[in-house]
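J.: As input, take run_28.cif (mmCIF, C-alpha atoms and all ligand atoms):
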```
data_run
loop_
_atom_site.label_atom_id
_atom_site.label_comp_id
_atom_site.auth_asym_id
_atom_site.auth_seq_id
_atom_site.Cartn_x
_atom_site.Cartn_y
_atom_site.Cartn_z
CA MET A 243 -49.16 -37.41 -8.95
CA ARG A 244 -45.79 -39.08 -8.39
CA ARG A 245 -43.69 -36.18 -7.16
CA PRO A 246 -46.03 -34.95 -4.42
CA MET A 247 -46.07 -38.53 -3.06
CA THR A 248 -42.29 -38.93 -2.70
CA ARG A 249 -41.81 -35.65 -0.87
CA PRO A 250 -43.85 -36.47 2.21
CA MET A 251 -42.38 -39.98 2.16
CA THR A 252 -38.80 -38.76 2.32
CA ARG A 253 -39.77 -36.19 4.94
CA ILE A 254 -41.29 -38.92 7.08
CA ALA A 255 -38.17 -41.03 6.64
CA VAL A 256 -35.95 -38.13 7.71
CA GLU A 257 -38.17 -37.42 10.70
CA LEU A 258 -38.11 -41.06 11.72
CA ALA A 259 -34.33 -41.12 11.49
CA LEU A 260 -34.14 -37.97 13.60
CA VAL A 261 -36.40 -39.45 16.23
CA ALA A 262 -34.25 -42.59 16.31
CA VAL A 263 -31.04 -40.56 16.69
CA LEU A 264 -32.54 -38.48 19.49
CA ALA A 265 -34.19 -41.41 21.22
CA ALA A 266 -31.03 -43.46 21.65
CA PRO A 267 -29.27 -41.15 24.14
CA LEU A 268 -32.60 -40.29 25.76
CA GLY A 269 -33.24 -43.97 26.36
CA ALA A 270 -29.75 -44.40 27.79
CA LEU A 271 -30.32 -41.40 30.06
CA LEU A 272 -33.65 -42.77 31.26
CA ALA A 273 -31.99 -46.09 31.98
CA THR A 274 -29.39 -44.48 34.27
CA ILE A 275 -31.83 -42.37 36.27
CA GLY A 276 -34.63 -44.90 36.07
CA PRO A 277 -35.27 -48.18 37.85
CA GLY A 278 -31.77 -49.45 36.92
CA SER A 279 -30.00 -46.92 39.15
CA ALA A 280 -32.56 -47.31 41.93
CA ARG A 281 -31.71 -51.02 41.90
CA ALA A 282 -27.96 -50.25 42.03
CA GLN A 283 -28.60 -47.93 44.98
CA GLU A 284 -30.59 -50.64 46.79
CA ASP A 285 -27.77 -53.13 46.17
CA ALA A 286 -25.22 -50.67 47.59
CA VAL A 287 -27.33 -50.11 50.72
CA GLU A 288 -27.69 -53.87 51.15
CA ALA A 289 -23.94 -54.47 50.74
CA GLY A 290 -23.33 -51.60 53.17
CA GLU A 291 -25.65 -53.10 55.76
CA GLU A 292 -23.73 -56.36 55.61
CA LEU A 293 -20.43 -54.55 56.28
CA PHE A 294 -22.12 -52.51 59.02
CA LEU A 295 -23.30 -55.66 60.80
CA THR A 296 -19.74 -56.97 61.08
CA GLY A 297 -17.73 -53.75 61.57
CA CYS A 298 -19.95 -51.12 63.19
CA VAL A 299 -23.02 -52.56 64.88
CA SER A 300 -21.24 -53.35 68.17
CA CYS A 301 -20.89 -49.61 68.89
CA HIS A 302 -23.57 -47.96 66.73
CA GLY A 303 -26.32 -50.51 67.36
CA PRO A 304 -28.72 -52.25 64.98
CA GLY A 305 -30.05 -49.79 62.41
CA GLY A 306 -27.53 -47.24 63.71
CA VAL A 307 -29.67 -46.29 66.73
CA GLY A 308 -26.57 -45.90 68.91
CA THR A 309 -25.30 -47.64 72.07
CA ASP A 310 -23.30 -46.48 75.08
CA GLN A 311 -20.21 -47.18 72.93
CA GLY A 312 -21.13 -44.97 69.97
CA PRO A 313 -23.60 -42.25 68.90
CA THR A 314 -26.66 -42.76 66.70
CA LEU A 315 -25.97 -42.55 62.97
CA ILE A 316 -29.55 -41.68 62.00
CA GLY A 317 -29.42 -38.36 60.13
CA VAL A 318 -25.61 -37.90 60.20
CA GLY A 319 -25.70 -38.20 56.41
CA ALA A 320 -23.37 -39.40 53.67
CA ALA A 321 -20.86 -36.61 54.45
CA ALA A 322 -20.21 -37.83 58.01
CA ALA A 323 -19.86 -41.47 56.97
CA ASP A 324 -17.57 -40.61 54.04
CA PHE A 325 -15.39 -38.34 56.22
CA MET A 326 -15.09 -40.85 59.08
CA LEU A 327 -14.24 -43.78 56.79
CA ARG A 328 -11.88 -41.98 54.38
CA THR A 329 -9.86 -40.41 57.20
CA GLY A 330 -9.66 -43.86 58.82
CA ARG A 331 -11.34 -42.56 62.00
CA MET A 332 -13.92 -45.35 61.83
CA PRO A 333 -14.09 -48.12 62.82
CA LEU A 334 -12.84 -46.74 66.13
CA ALA A 335 -10.27 -48.98 67.82
CA VAL A 336 -10.33 -47.54 71.34
CA PRO A 337 -13.70 -46.17 72.54
CA GLY A 338 -13.40 -43.01 74.65
CA GLN A 339 -10.35 -41.80 72.76
CA GLN A 340 -10.42 -38.98 70.19
CA PRO A 341 -10.42 -40.91 66.89
CA PRO A 342 -7.05 -40.38 65.16
CA ARG A 343 -6.57 -40.09 61.42
CA LYS A 344 -5.15 -43.33 60.00
CA GLU A 345 -5.08 -45.49 56.88
CA PRO A 346 -8.68 -46.29 55.86
CA ALA A 347 -9.78 -49.75 57.01
CA TYR A 348 -11.99 -50.24 53.93
CA GLY A 349 -11.36 -49.98 50.19
CA ASP A 350 -13.07 -47.44 47.93
CA GLU A 351 -15.97 -49.70 46.98
CA ASP A 352 -16.77 -50.82 50.52
CA ILE A 353 -16.67 -47.18 51.67
CA THR A 354 -19.26 -46.34 48.99
CA TYR A 355 -21.49 -49.16 50.29
CA LEU A 356 -21.16 -48.15 53.96
CA VAL A 357 -21.83 -44.51 53.03
CA ALA A 358 -24.95 -45.56 51.10
CA TYR A 359 -26.18 -47.54 54.11
CA VAL A 360 -25.58 -44.76 56.66
CA ALA A 361 -27.19 -42.20 54.31
CA SER A 362 -30.25 -44.49 54.00
CA LEU A 363 -30.86 -44.30 57.77
CA GLY A 364 -32.15 -40.71 57.57
CA PRO A 365 -31.65 -37.45 55.69
CA GLY A 366 -28.40 -35.62 56.50
CA PRO A 367 -25.61 -33.60 54.87
CA GLU A 368 -24.54 -34.94 51.46
CA ILE A 369 -20.92 -35.21 50.35
CA PRO A 370 -20.09 -31.65 49.16
CA ASP A 371 -19.34 -31.22 45.47
CA VAL A 372 -16.11 -29.29 45.96
CA ASP A 373 -13.64 -28.09 43.32
CA PRO A 374 -10.64 -26.00 44.46
CA GLU A 375 -10.15 -24.80 40.87
CA ARG A 376 -13.37 -22.80 41.17
CA GLY A 377 -12.09 -21.19 44.40
CA ASP A 378 -10.49 -17.84 45.15
CA MET A 379 -7.22 -17.91 47.14
CA ALA A 380 -7.65 -14.53 48.90
CA MET A 381 -11.22 -15.35 49.86
CA GLY A 382 -10.10 -18.77 51.14
CA GLY A 383 -7.42 -17.15 53.30
CA GLU A 384 -9.95 -14.77 54.80
CA LEU A 385 -12.41 -17.58 55.57
CA TYR A 386 -9.65 -19.70 57.06
CA ARG A 387 -8.29 -16.98 59.38
CA GLU A 388 -11.81 -16.09 60.50
CA ASN A 389 -13.19 -19.59 61.11
CA CYS A 390 -10.46 -22.21 61.34
CA ALA A 391 -7.07 -20.77 62.36
CA ALA A 392 -8.04 -20.43 66.04
CA CYS A 393 -7.94 -24.21 66.38
CA HIS A 394 -5.89 -25.47 63.41
CA GLN A 395 -3.28 -22.63 63.57
CA ALA A 396 -2.29 -20.23 60.82
CA ALA A 397 -0.15 -22.82 59.02
CA GLY A 398 -2.70 -25.66 59.45
CA SER A 399 -0.34 -27.58 61.72
CA GLY A 400 -3.02 -28.14 64.39
CA GLY A 401 -2.94 -27.43 68.11
CA ALA A 402 -4.12 -28.40 71.59
CA LEU A 403 -7.70 -27.83 72.77
CA SER A 404 -9.12 -28.22 76.27
CA TYR A 405 -9.78 -31.60 77.97
CA GLY A 406 -6.73 -33.23 76.37
CA ARG A 407 -8.28 -33.00 72.90
CA HIS A 408 -6.51 -31.49 69.92
CA ALA A 409 -7.27 -30.01 66.52
CA PRO A 410 -5.33 -32.17 64.06
CA SER A 411 -2.97 -31.01 61.34
CA LEU A 412 -4.72 -30.30 58.02
CA HIS A 413 -1.78 -31.28 55.83
CA GLU A 414 -3.14 -34.73 54.95
CA ALA A 415 -6.77 -33.78 54.32
CA THR A 416 -8.15 -33.96 50.77
CA ALA A 417 -10.33 -31.24 49.21
CA THR A 418 -13.47 -33.28 49.92
CA GLU A 419 -12.50 -33.84 53.56
CA ILE A 420 -11.75 -30.10 53.97
CA ALA A 421 -15.27 -29.38 52.69
CA GLU A 422 -16.96 -32.18 54.68
CA ALA A 423 -15.49 -31.27 58.09
CA PRO A 424 -17.24 -27.85 58.42
CA ARG A 425 -20.57 -29.35 57.30
CA ILE A 426 -20.54 -32.18 59.87
CA GLY A 427 -18.45 -30.77 62.75
CA PRO A 428 -16.54 -33.90 63.83
CA GLY A 429 -15.78 -34.27 67.57
CA GLN A 430 -15.04 -30.89 69.19
CA MET A 431 -15.21 -29.05 65.88
CA PRO A 432 -18.31 -26.86 65.40
CA VAL A 433 -20.68 -27.21 62.42
CA PHE A 434 -20.47 -24.41 59.83
CA GLY A 435 -23.71 -24.44 57.80
CA PRO A 436 -24.17 -22.94 54.33
CA GLU A 437 -25.42 -19.69 55.91
CA VAL A 438 -21.93 -19.15 57.40
CA ILE A 439 -19.77 -20.84 54.74
CA SER A 440 -21.55 -21.18 51.38
CA ASP A 441 -20.89 -24.00 48.91
CA SER A 442 -18.69 -21.73 46.76
CA ASP A 443 -16.84 -20.63 49.93
CA LEU A 444 -15.95 -24.31 50.41
CA ASP A 445 -14.14 -24.24 47.03
CA SER A 446 -12.04 -21.27 48.18
CA LEU A 447 -11.41 -22.78 51.60
CA ALA A 448 -10.24 -26.07 50.05
CA LEU A 449 -7.94 -24.20 47.65
CA TYR A 450 -6.38 -22.27 50.53
CA VAL A 451 -5.99 -25.20 52.94
CA LEU A 452 -4.46 -27.46 50.25
CA GLN A 453 -1.94 -24.73 49.50
CA LEU A 454 -0.89 -24.75 53.20
CA ASP A 455 0.70 -28.17 52.53
CA ASP A 456 3.22 -26.62 50.23
CA PRO A 457 3.21 -22.84 50.43
CA ALA A 458 5.69 -21.14 48.14
CA ASP A 459 8.20 -19.98 50.76
CA PRO A 460 8.52 -16.26 50.17
CA GLY A 461 12.29 -16.01 50.48
CA GLY A 462 14.61 -17.66 52.95
CA LEU A 463 14.65 -21.18 54.31
CA SER A 464 11.38 -22.46 55.74
CA LEU A 465 12.93 -23.95 58.93
CA GLY A 466 9.65 -25.73 59.61
CA ARG A 467 7.94 -22.32 59.36
CA ILE A 468 8.62 -21.41 62.97
CA GLY A 469 8.72 -17.73 62.05
CA PRO A 470 10.96 -14.77 61.27
CA VAL A 471 12.38 -14.49 64.81
CA ALA A 472 13.75 -18.00 64.67
CA GLU A 473 15.01 -17.46 61.15
CA GLY A 474 16.84 -14.28 62.24
CA PHE A 475 18.32 -16.08 65.21
CA VAL A 476 19.61 -18.93 63.06
CA ALA A 477 21.03 -16.39 60.59
CA ILE A 478 22.94 -14.67 63.43
CA LEU A 479 24.26 -18.00 64.76
CA ILE A 480 25.47 -19.18 61.36
CA GLY A 481 26.78 -15.73 60.41
CA LEU A 482 28.69 -15.17 63.65
CA GLY A 483 29.98 -18.72 63.64
CA THR A 484 31.37 -18.32 60.13
CA LEU A 485 32.98 -14.97 61.04
CA ILE A 486 34.70 -16.47 64.10
CA VAL A 487 36.03 -19.43 62.10
CA VAL A 488 37.33 -17.18 59.32
CA ALA A 489 38.90 -14.76 61.83
CA ARG A 490 40.68 -17.58 63.67
CA TRP A 491 41.93 -19.10 60.41
CA VAL A 492 43.27 -15.76 59.22
CA THR A 493 45.09 -15.05 62.50
CA ARG A 494 46.43 -18.58 62.71
CA THR A 495 47.94 -18.55 59.20
CA ARG A 496 49.38 -15.09 59.87
CA ARG A 497 50.91 -16.24 63.16
CA GLN A 498 52.30 -19.33 61.40
CA ARG A 499 53.92 -17.19 58.72
CA LEU A 500 55.36 -14.86 61.36
CA THR A 501 56.88 -17.73 63.37
CA GLU A 502 58.22 -19.28 60.17
CA ALA A 503 59.81 -15.95 59.24
CA SER A 504 61.34 -15.46 62.67
CA GLU A 505 62.85 -18.94 62.78
CA PRO A 506 66.61 -18.86 62.18
CA ARG A 507 67.56 -20.14 58.77
CA PRO A 508 69.82 -23.11 58.70
C1 LIG B 601 -15.46 -49.22 69.04
C2 LIG B 601 -16.66 -48.50 68.77
C3 LIG B 601 -16.96 -48.04 67.35
C4 LIG B 601 -16.92 -48.76 66.19
C5 LIG B 601 -16.54 -50.21 65.99
C6 LIG B 601 -17.35 -47.87 65.15
N1 LIG B 601 -17.64 -46.64 65.66
FE1 LIG B 601 -18.29 -45.01 64.63
N2 LIG B 601 -18.17 -43.88 66.32
C7 LIG B 601 -17.82 -44.33 67.58
C8 LIG B 601 -17.74 -43.21 68.48
C9 LIG B 601 -17.38 -43.29 69.97
C10 LIG B 601 -18.02 -42.06 67.73
C11 LIG B 601 -18.00 -40.61 68.20
C12 LIG B 601 -16.60 -40.09 67.96
C13 LIG B 601 -16.39 -38.66 68.38
O1 LIG B 601 -17.34 -37.89 68.27
O2 LIG B 601 -15.28 -38.32 68.76
C14 LIG B 601 -18.32 -42.52 66.38
C15 LIG B 601 -18.68 -41.68 65.35
C16 LIG B 601 -19.07 -42.11 64.08
C17 LIG B 601 -19.62 -41.27 63.05
C18 LIG B 601 -19.89 -39.78 63.18
C19 LIG B 601 -21.22 -39.59 63.84
C20 LIG B 601 -21.62 -38.15 63.92
O3 LIG B 601 -22.38 -37.83 64.85
O4 LIG B 601 -21.22 -37.36 63.07
C21 LIG B 601 -19.85 -42.05 61.96
C22 LIG B 601 -20.46 -41.63 60.64
C23 LIG B 601 -19.43 -43.40 62.32
N3 LIG B 601 -18.96 -43.39 63.60
C24 LIG B 601 -19.50 -44.48 61.46
C25 LIG B 601 -19.00 -45.74 61.77
C26 LIG B 601 -18.96 -46.84 60.84
C27 LIG B 601 -19.49 -46.79 59.42
C28 LIG B 601 -18.37 -47.87 61.48
C29 LIG B 601 -18.05 -49.25 60.93
C30 LIG B 601 -17.18 -49.28 59.80
C31 LIG B 601 -18.06 -47.43 62.83
N4 LIG B 601 -18.46 -46.13 62.97
C32 LIG B 601 -17.48 -48.24 63.80
C33 LIG B 601 -17.59 -45.65 67.92
C34 LIG B 601 -17.40 -46.69 67.01
C1 LIG B 602 -13.07 -25.34 67.92
C2 LIG B 602 -11.94 -25.80 67.18
C3 LIG B 602 -12.06 -26.04 65.68
C4 LIG B 602 -12.40 -25.13 64.69
C5 LIG B 602 -12.80 -23.67 64.87
C6 LIG B 602 -12.26 -25.83 63.44
N1 LIG B 602 -11.87 -27.13 63.67
FE1 LIG B 602 -11.48 -28.54 62.25
N2 LIG B 602 -11.20 -29.95 63.69
C7 LIG B 602 -11.25 -29.70 65.04
C8 LIG B 602 -11.11 -30.97 65.75
C9 LIG B 602 -11.12 -31.17 67.25
C10 LIG B 602 -10.97 -31.98 64.77
C11 LIG B 602 -10.83 -33.49 64.99
C12 LIG B 602 -12.20 -34.09 65.19
C13 LIG B 602 -12.18 -35.51 65.69
O1 LIG B 602 -12.11 -36.41 64.86
O2 LIG B 602 -12.22 -35.71 66.89
C14 LIG B 602 -11.00 -31.29 63.48
C15 LIG B 602 -10.83 -31.93 62.26
C16 LIG B 602 -10.77 -31.28 61.03
C17 LIG B 602 -10.42 -31.92 59.78
C18 LIG B 602 -9.96 -33.35 59.57
C19 LIG B 602 -8.46 -33.37 59.39
C20 LIG B 602 -7.86 -34.73 59.12
O3 LIG B 602 -6.92 -34.82 58.34
O4 LIG B 602 -8.31 -35.72 59.67
C21 LIG B 602 -10.53 -30.96 58.81
C22 LIG B 602 -10.26 -31.13 57.33
C23 LIG B 602 -10.93 -29.72 59.47
N3 LIG B 602 -11.05 -29.95 60.83
C24 LIG B 602 -11.13 -28.53 58.82
C25 LIG B 602 -11.57 -27.36 59.45
C26 LIG B 602 -11.92 -26.16 58.74
C27 LIG B 602 -11.85 -25.99 57.22
C28 LIG B 602 -12.32 -25.24 59.69
C29 LIG B 602 -12.85 -23.84 59.46
C30 LIG B 602 -14.00 -23.71 58.62
C31 LIG B 602 -12.20 -25.88 60.98
N4 LIG B 602 -11.74 -27.16 60.80
C32 LIG B 602 -12.50 -25.27 62.20
C33 LIG B 602 -11.40 -28.48 65.66
C34 LIG B 602 -11.75 -27.30 65.01
#
```
Just give me the structure of the file as structure tokens.
T.:
Amino acid sequence: MRRPMTRPMTRIAVELALVAVLAAPLGALLATIGPGSARAQEDAVEAGEELFLTGCVSCHGPGGVGTDQGPTLIGVGAAAADFMLRTGRMPLAVPGQQPPRKEPAYGDEDITYLVAYVASLGPGPEIPDVDPERGDMAMGGELYRENCAACHQAAGSGGALSYGRHAPSLHEATATEIAEAPRIGPGQMPVFGPEVISDSDLDSLALYVLQLDDPADPGGLSLGRIGPVAEGFVAILIGLGTLIVVARWVTRTRRQRLTEASEPRP
């Protein structure tokens, strides 16, 4: 009678232990996605609203409804807010001017709060989950030449557009900003939705554009990458110049030796 009793007892003990081991991480997981994180999200939105009321409301209006100084922010999404704040475009200093890229006015944490607040105003594009390491360089080059080079130039150095506006250089943009810009279409830039540039295309595009900052120069000096014509021209100038100097030096030393030789010896 004794042995059959202990077996189920130990089995129950083992099962209980297993349940305890499994329940611990499950509980932790539930805590992060449960009411705890909803509360953290609410706190972030609240902190963001406070910052909004001091730094943004004068142009974007209460609740982000817009004024004659700034557009509505309802439905622009986390991506637009994150892009505008991380590239330092917002808060705008001079209304009416194309917002330039500058040092961000807010720290990381405050940006997270402001982004949470703007995102809470209405559904819009989320911050893309981009990873250049998942991208394909050749694919990125193709996408870039097809969709971006017309305005940002082949080397990403930027260029003039109509009405005194310009497409900025892409050399300072981070991977996330490179992925956000097509999704939100800032200023004169068009929106490229996922039907034109898919999420995995964004990985390739980011990989390619980041590489434009520091392309491995395939032979020769880069000379600011102004092109092979300029490089050839500089080569001719330097080459000819050197030849002339050498030729003059050779003839001068020869002439010197000749005059020395022809001088009467004392
Ligand atoms: C002096 C006025 C002004 C202030 C202050 C200002 N903005 Fe703006 N904001 C603008 C204008 C004007 C635009 C449109 C810029 C453009 O399209 O070239 C804009 C655009 C935006 C956009 C993009 C909207 C879209 O349609 O994609 C976001 C997001 C934004 N602002 C957020 C903010 C936040 C957050 C703050 C506060 C930290 C702020 N702005 C402060 C004037 C302002
Ligand atoms: C019609 C011209 C045009 C095209 C096409 C275009 N852009 Fe832009 N882009 C702009 C303009 C204009 C801005 C500046 C917007 C503003 O703030 O006023 C910009 C800004 C950007 C920025 C922000 C750069 C920074 O450092 O602040 C990035 C990144 C960017 N574009 C990436 C792209 C990518 C990637 C493509 C192709 C998928 C693309 N753009 C296609 C005109 C264009």
J.: So which residues are near ligand LIG 602 (chain B), meaning at most 8 Å away with all atoms listed in the file counted, given back as a count of residues only?
T.: 44
J.: All residues within 8 Å of ligand LIG 601 (chain B) are required, counting all atoms listed in the file; please report them as a ChimeraX atom specification.
T.: /A:293-294,296-302,311-315,318-327,331-341,347-348,356-357,360,426-430
J.: Select, from A:Val433, A:Met379, A:Val372, A:Leu485, the residue with the minimum atom-to-atom distance to Asp445 (chain A), counting all atoms listed in the file.
T.: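 Under the stated criterion, the closest residue is A:Val372.
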J.: Report, as JSON, the axis-aligned box around all atoms of region 415-434 of chain A present in the file, extended by 3 Å on each side; give centre and edge lengths in Å to one decimal place.
T.:
```
{"center_x": -13.7, "center_y": -29.3, "center_z": 59.2, "size_x": 19.9, "size_y": 15.9, "size_z": 26.0}
```
J.: May I ask which of the residues A:Ala489, A:Ile369, A:Leu452, A:Val307 is the closest one to Gly398 (chain A), counting only C-alpha atoms?
T.: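 For Gly398 (chain A), the nearest of the given residues is A:Leu452.
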J.: Considering all atoms listed in the file, state which residue in the set A:Glu384, A:Asp371, A:Glu291, A:Asp350 is at the smallest distance from Ser442 (chain A).
T.: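 Among the listed residues, the smallest separation from Ser442 (chain A) belongs to A:Asp371.
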J.: Please compute the CA of Ser399 (chain A)-CA of Asp455 (chain A) distance, one decimal, in Å.
T.: 9.3 Å
J.: With only C-alpha atoms as the basis for distance, which of A:Gln395, A:Ser446, A:Tyr359, A:Gly349 is at the shortest distance from Glu375 (chain A)?
T.: A:Ser446
J.: Provide the CA of Gly306 (chain A) to CA of Thr418 (chain A) distance in Å, to one decimal place.
T.: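 For CA of Gly306 (chain A) relative to CA of Thr418 (chain A), the distance reads 24.1 Å.
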J.: What does the structure give for the distance between CA of Tyr450 (chain A) and CA of Gly366 (chain A), in Å to one decimal?
T.: 26.4 Å
J.: Taking only C-alpha atoms into account, which of A:Arg490, A:Arg328, A:Arg281, A:Arg376 comes nearest Glu351 (chain A)?
T.: A:Arg328
J.: Considering all atoms listed in the file, return as a PyMOL selection string whatever protein or nucleic-acid residues lie within 7 Å of Val287 (chain A), sequence-local ones (same chain, fewer than 2 positions apart) excluded.
T.: chain A and resi 283-285+289-291+355+358-359
J.: With C-alpha atoms retained, could you export that selection as a compact mmCIF listing (two decimals), in the coordinates of the input?
T.:
```txt
# COMPACT_ATOMS: atom_id res chain seq x y z
CA GLN A 283 -28.60 -47.93 44.98
CA GLU A 284 -30.59 -50.64 46.79
CA ASP A 285 -27.77 -53.13 46.17
CA ALA A 289 -23.94 -54.47 50.74
CA GLY A 290 -23.33 -51.60 53.17
CA GLU A 291 -25.65 -53.10 55.76
CA TYR A 355 -21.49 -49.16 50.29
CA ALA A 358 -24.95 -45.56 51.10
CA TYR A 359 -26.18 -47.54 54.11
```
J.: Of the candidates A:Arg387, A:Gly401, A:Gly317, A:Gly382, which shows the shortest atom-to-atom distance to Asp443 (chain A), using all atoms listed in the file?
T.: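 Nearest to Asp443 (chain A): A:Gly382.
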